Structures are given as structure tokens and as C-alpha cells.
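Peer 1: Attaching a single structure in C-alpha cells format; questions to follow.
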Amino acid sequence: MIIVSACLLGFNCRYDGGNSHEEALFVPTLKKLLVPVCPEQLGGLSTPRAPSEIKGGDGLDVLEGRARVVSASGRDVTDCFLRGAQEIVHFIELMGISTALMKENSPSCGVFHIKRAGATLRGAGVTSALLIQKGVRVISSDRIKDELNYGPGDVTYV
């Protein structure tokens, strides 16, 4: 079982009300149970919503209180991002999940990169940083084909 950023599975939960449908997750040979999650929605943010950026660092810095997450409208949404990350961790611990597939460049889900002022910066999003701290294997959406073990069987969604 793998938790997956819900937008990658076609759920319209991105800040702009759209999704980031990833065709590689819909191949009939992928034998994995994929569980969609959206940490920003779990943290209490609506869809659509103003886009947000991490100011003053990356997700690890947010977890350690050195950086904040601020929406384009100027609203501090740090608590929503932290709450969403904690809800994801609670869920994976409850379900015994050890792998997450997260959307790259997101302030929540980015694994290696986040966006700030239109630029791509090195660093993890808030949820991915917390998952990594908890020892979860976190896979970037940019590396789906390289990282997932494709084998006989069907994709199963819940």
C-alpha cells in the first residue's frame, strides 16, 4: 500500500482546483494499492485556494519553526500545512504504510524541490519532510517509473 498525492490520481484538489494526473499510475501492470491523500485539504484548506509558498526555508525549516507557509493573498497558512502533515503521519502509522508517492515542487508534497516566486528551489515540502523524518520511503512524482516496481497484476485504488 502506498499513499499518493491525490492530485496525481486525477483528484481536483490542487490550489487551482485542477489536478496533476500522472498516466504512469494507471498502467495495468502496476500491482500496488494506491491511497489518495491531500495534506492541504486535510489541514483545512479549501479547493480552490490561493497558492502558497514556504518563506524562509523549506519544509524541514517549517517543522523546526524557522520558516512559514504564506498564501499569495498574504495569509499565514503554516498551521494548516502542519496539521495536514500530521494527519498524513497519523494515517500511515494507523495503516502501517511505509511508502509515499508525492507531487514534486509542492510546498506540501515536494520531495526534492519546492517552488518560490516562480523559481524551483532545492528542498522538501512540509509533509514530505515530516514523512522522511518518520522513516517513510518518499518517492518523487518525477521518478515514478524508476522507483515503482512494475509487475504483473492490476492497479487497485481505494
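Labels used: A, B, ... for chains in the order of the C-alpha cells, numbers from 1 for residues in each chain, and numbers from 1 for ligands as shown.
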Tell me which protein, DNA and RNA residues are within 6 Å of range 132-141 of chain A, counting only C-alpha atoms, leaving out same-chain ones fewer than 2 positions away, and put them as a VMD selection string.
Peer 2: chain A and resid 98 to 104 111 129 to 130 143 to 144
Peer 1: From a backbone DSSP assignment, name each residue in chain A labelled alpha helix (DSSP H), as a VMD selection string.
Peer 2: chain A and resid 39 to 42 59 to 63 78 to 95 126 to 133 144 to 147
Peer 1: Which residue, A:Asp142, A:Glu23, A:Asp76, A:Glu147, has the smallest gap to Leu45 in chain A when you use only C-alpha atoms?
Peer 2: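 Using only C-alpha atoms, Leu45 in chain A sits closest to A:Asp76.
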Peer 1: Kindly give the distance, in Å, that separates CA of Gly125 in chain A and CA of Val27 in chain A, rounded to a single decimal.
Peer 2: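 About the pair CA of Gly125 in chain A and CA of Val27 in chain A: they are 27.3 Å apart.
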Peer 1: So, counting only C-alpha atoms, which residue among A:Asp79, A:Lys145, A:Arg66, A:Val4 is closest to Ser128 in chain A?
Peer 2: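 For Ser128 in chain A, the nearest of the given residues is A:Val4.
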Peer 1: Mind checking DSSP for chain A and telling me the strand (DSSP E) residues as number ranges by chain?
Peer 2: A: 2-5, 33-37, 52-55, 68-71, 99-102, 113-116, 119-122, 137-140, 156-157
Peer 1: As an exercise, work out the distance from CA of Ile114 in chain A to CA of Leu148 in chain A in Å and give it to one decimal place.
Peer 2: 22.1 Å
Peer 1: Report as a PyMOL selection string all protein, DNA and RNA residues lying within 9 Å of Glu53 in chain A, evaluated on only C-alpha atoms, omitting residues in the same chain fewer than 3 positions from it.
Peer 2: chain A and resi 68-72+106-107+114-117
Peer 1: Selected residues, all heavy atoms, written as a short mmCIF file (atom, residue, chain, number, x, y, z; two decimals), in the first residue's frame, please.
Peer 2:
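Output contents, as saved in part03.cif:
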data_model
loop_
_atom_site.label_atom_id
_atom_site.label_comp_id
_atom_site.auth_asym_id
_atom_site.auth_seq_id
_atom_site.Cartn_x
_atom_site.Cartn_y
_atom_site.Cartn_z
N ARG A 68 7.87 29.88 7.48
CA ARG A 68 6.41 29.92 7.49
C ARG A 68 5.90 29.61 6.09
O ARG A 68 6.61 29.78 5.11
CB ARG A 68 5.90 31.30 7.90
CG ARG A 68 6.46 31.85 9.20
CD ARG A 68 6.10 31.07 10.42
NE ARG A 68 4.67 31.16 10.74
CZ ARG A 68 4.09 30.41 11.65
NH1 ARG A 68 4.76 29.52 12.33
NH2 ARG A 68 2.80 30.53 11.88
N VAL A 69 4.63 29.18 6.02
CA VAL A 69 3.97 29.00 4.73
C VAL A 69 2.95 30.12 4.60
O VAL A 69 2.11 30.31 5.49
CB VAL A 69 3.27 27.62 4.63
CG1 VAL A 69 2.71 27.42 3.22
CG2 VAL A 69 4.24 26.49 4.98
N VAL A 70 3.04 30.86 3.49
CA VAL A 70 2.20 32.04 3.30
C VAL A 70 1.52 31.95 1.94
O VAL A 70 2.17 31.61 0.94
CB VAL A 70 3.04 33.33 3.39
CG1 VAL A 70 2.19 34.56 3.19
CG2 VAL A 70 3.78 33.39 4.73
N SER A 71 0.22 32.24 1.91
CA SER A 71 -0.52 32.21 0.64
C SER A 71 -0.23 33.49 -0.16
O SER A 71 0.25 34.48 0.39
CB SER A 71 -2.01 32.08 0.89
OG SER A 71 -2.54 33.30 1.35
N ALA A 72 -0.56 33.44 -1.44
CA ALA A 72 -0.36 34.60 -2.30
C ALA A 72 -1.16 35.80 -1.83
O ALA A 72 -0.80 36.95 -2.12
CB ALA A 72 -0.73 34.25 -3.74
N SER A 106 5.67 20.93 -4.84
CA SER A 106 4.60 21.42 -3.98
C SER A 106 5.15 21.85 -2.61
O SER A 106 6.06 21.21 -2.08
CB SER A 106 3.58 20.29 -3.78
OG SER A 106 2.79 20.50 -2.64
N PRO A 107 4.57 22.90 -2.00
CA PRO A 107 5.01 23.29 -0.66
C PRO A 107 4.63 22.26 0.40
O PRO A 107 5.19 22.26 1.49
CB PRO A 107 4.31 24.62 -0.42
CG PRO A 107 3.14 24.62 -1.34
CD PRO A 107 3.54 23.79 -2.53
N ILE A 114 10.84 22.58 -4.19
CA ILE A 114 9.64 23.38 -3.96
C ILE A 114 9.73 24.59 -4.89
O ILE A 114 10.81 24.91 -5.39
CB ILE A 114 9.51 23.82 -2.48
CG1 ILE A 114 10.76 24.59 -2.03
CG2 ILE A 114 9.24 22.63 -1.58
CD1 ILE A 114 10.68 25.20 -0.64
N LYS A 115 8.62 25.25 -5.08
CA LYS A 115 8.59 26.48 -5.90
C LYS A 115 8.47 27.69 -4.99
O LYS A 115 7.77 27.66 -3.98
CB LYS A 115 7.39 26.47 -6.85
CG LYS A 115 7.45 25.41 -7.91
CD LYS A 115 8.16 25.91 -9.13
CE LYS A 115 8.01 24.88 -10.24
NZ LYS A 115 8.55 25.32 -11.47
N ARG A 116 9.19 28.74 -5.37
CA ARG A 116 9.07 30.03 -4.66
C ARG A 116 9.27 31.13 -5.69
O ARG A 116 10.28 31.14 -6.39
CB ARG A 116 10.10 30.15 -3.54
CG ARG A 116 9.92 31.45 -2.76
CD ARG A 116 10.86 31.64 -1.58
NE ARG A 116 10.87 30.48 -0.71
CZ ARG A 116 12.01 29.87 -0.32
NH1 ARG A 116 13.18 30.28 -0.74
NH2 ARG A 116 11.95 28.83 0.48
N ALA A 117 8.30 32.03 -5.78
CA ALA A 117 8.36 33.16 -6.71
C ALA A 117 8.66 32.67 -8.14
O ALA A 117 9.43 33.28 -8.86
CB ALA A 117 9.40 34.18 -6.25
#
Peer 1: Any idea what the distance is between CA of Ile92 in chain A and CA of Asp16 in chain A?
Peer 2: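 We find that CA of Ile92 in chain A and CA of Asp16 in chain A lie 26.7 Å from each other.
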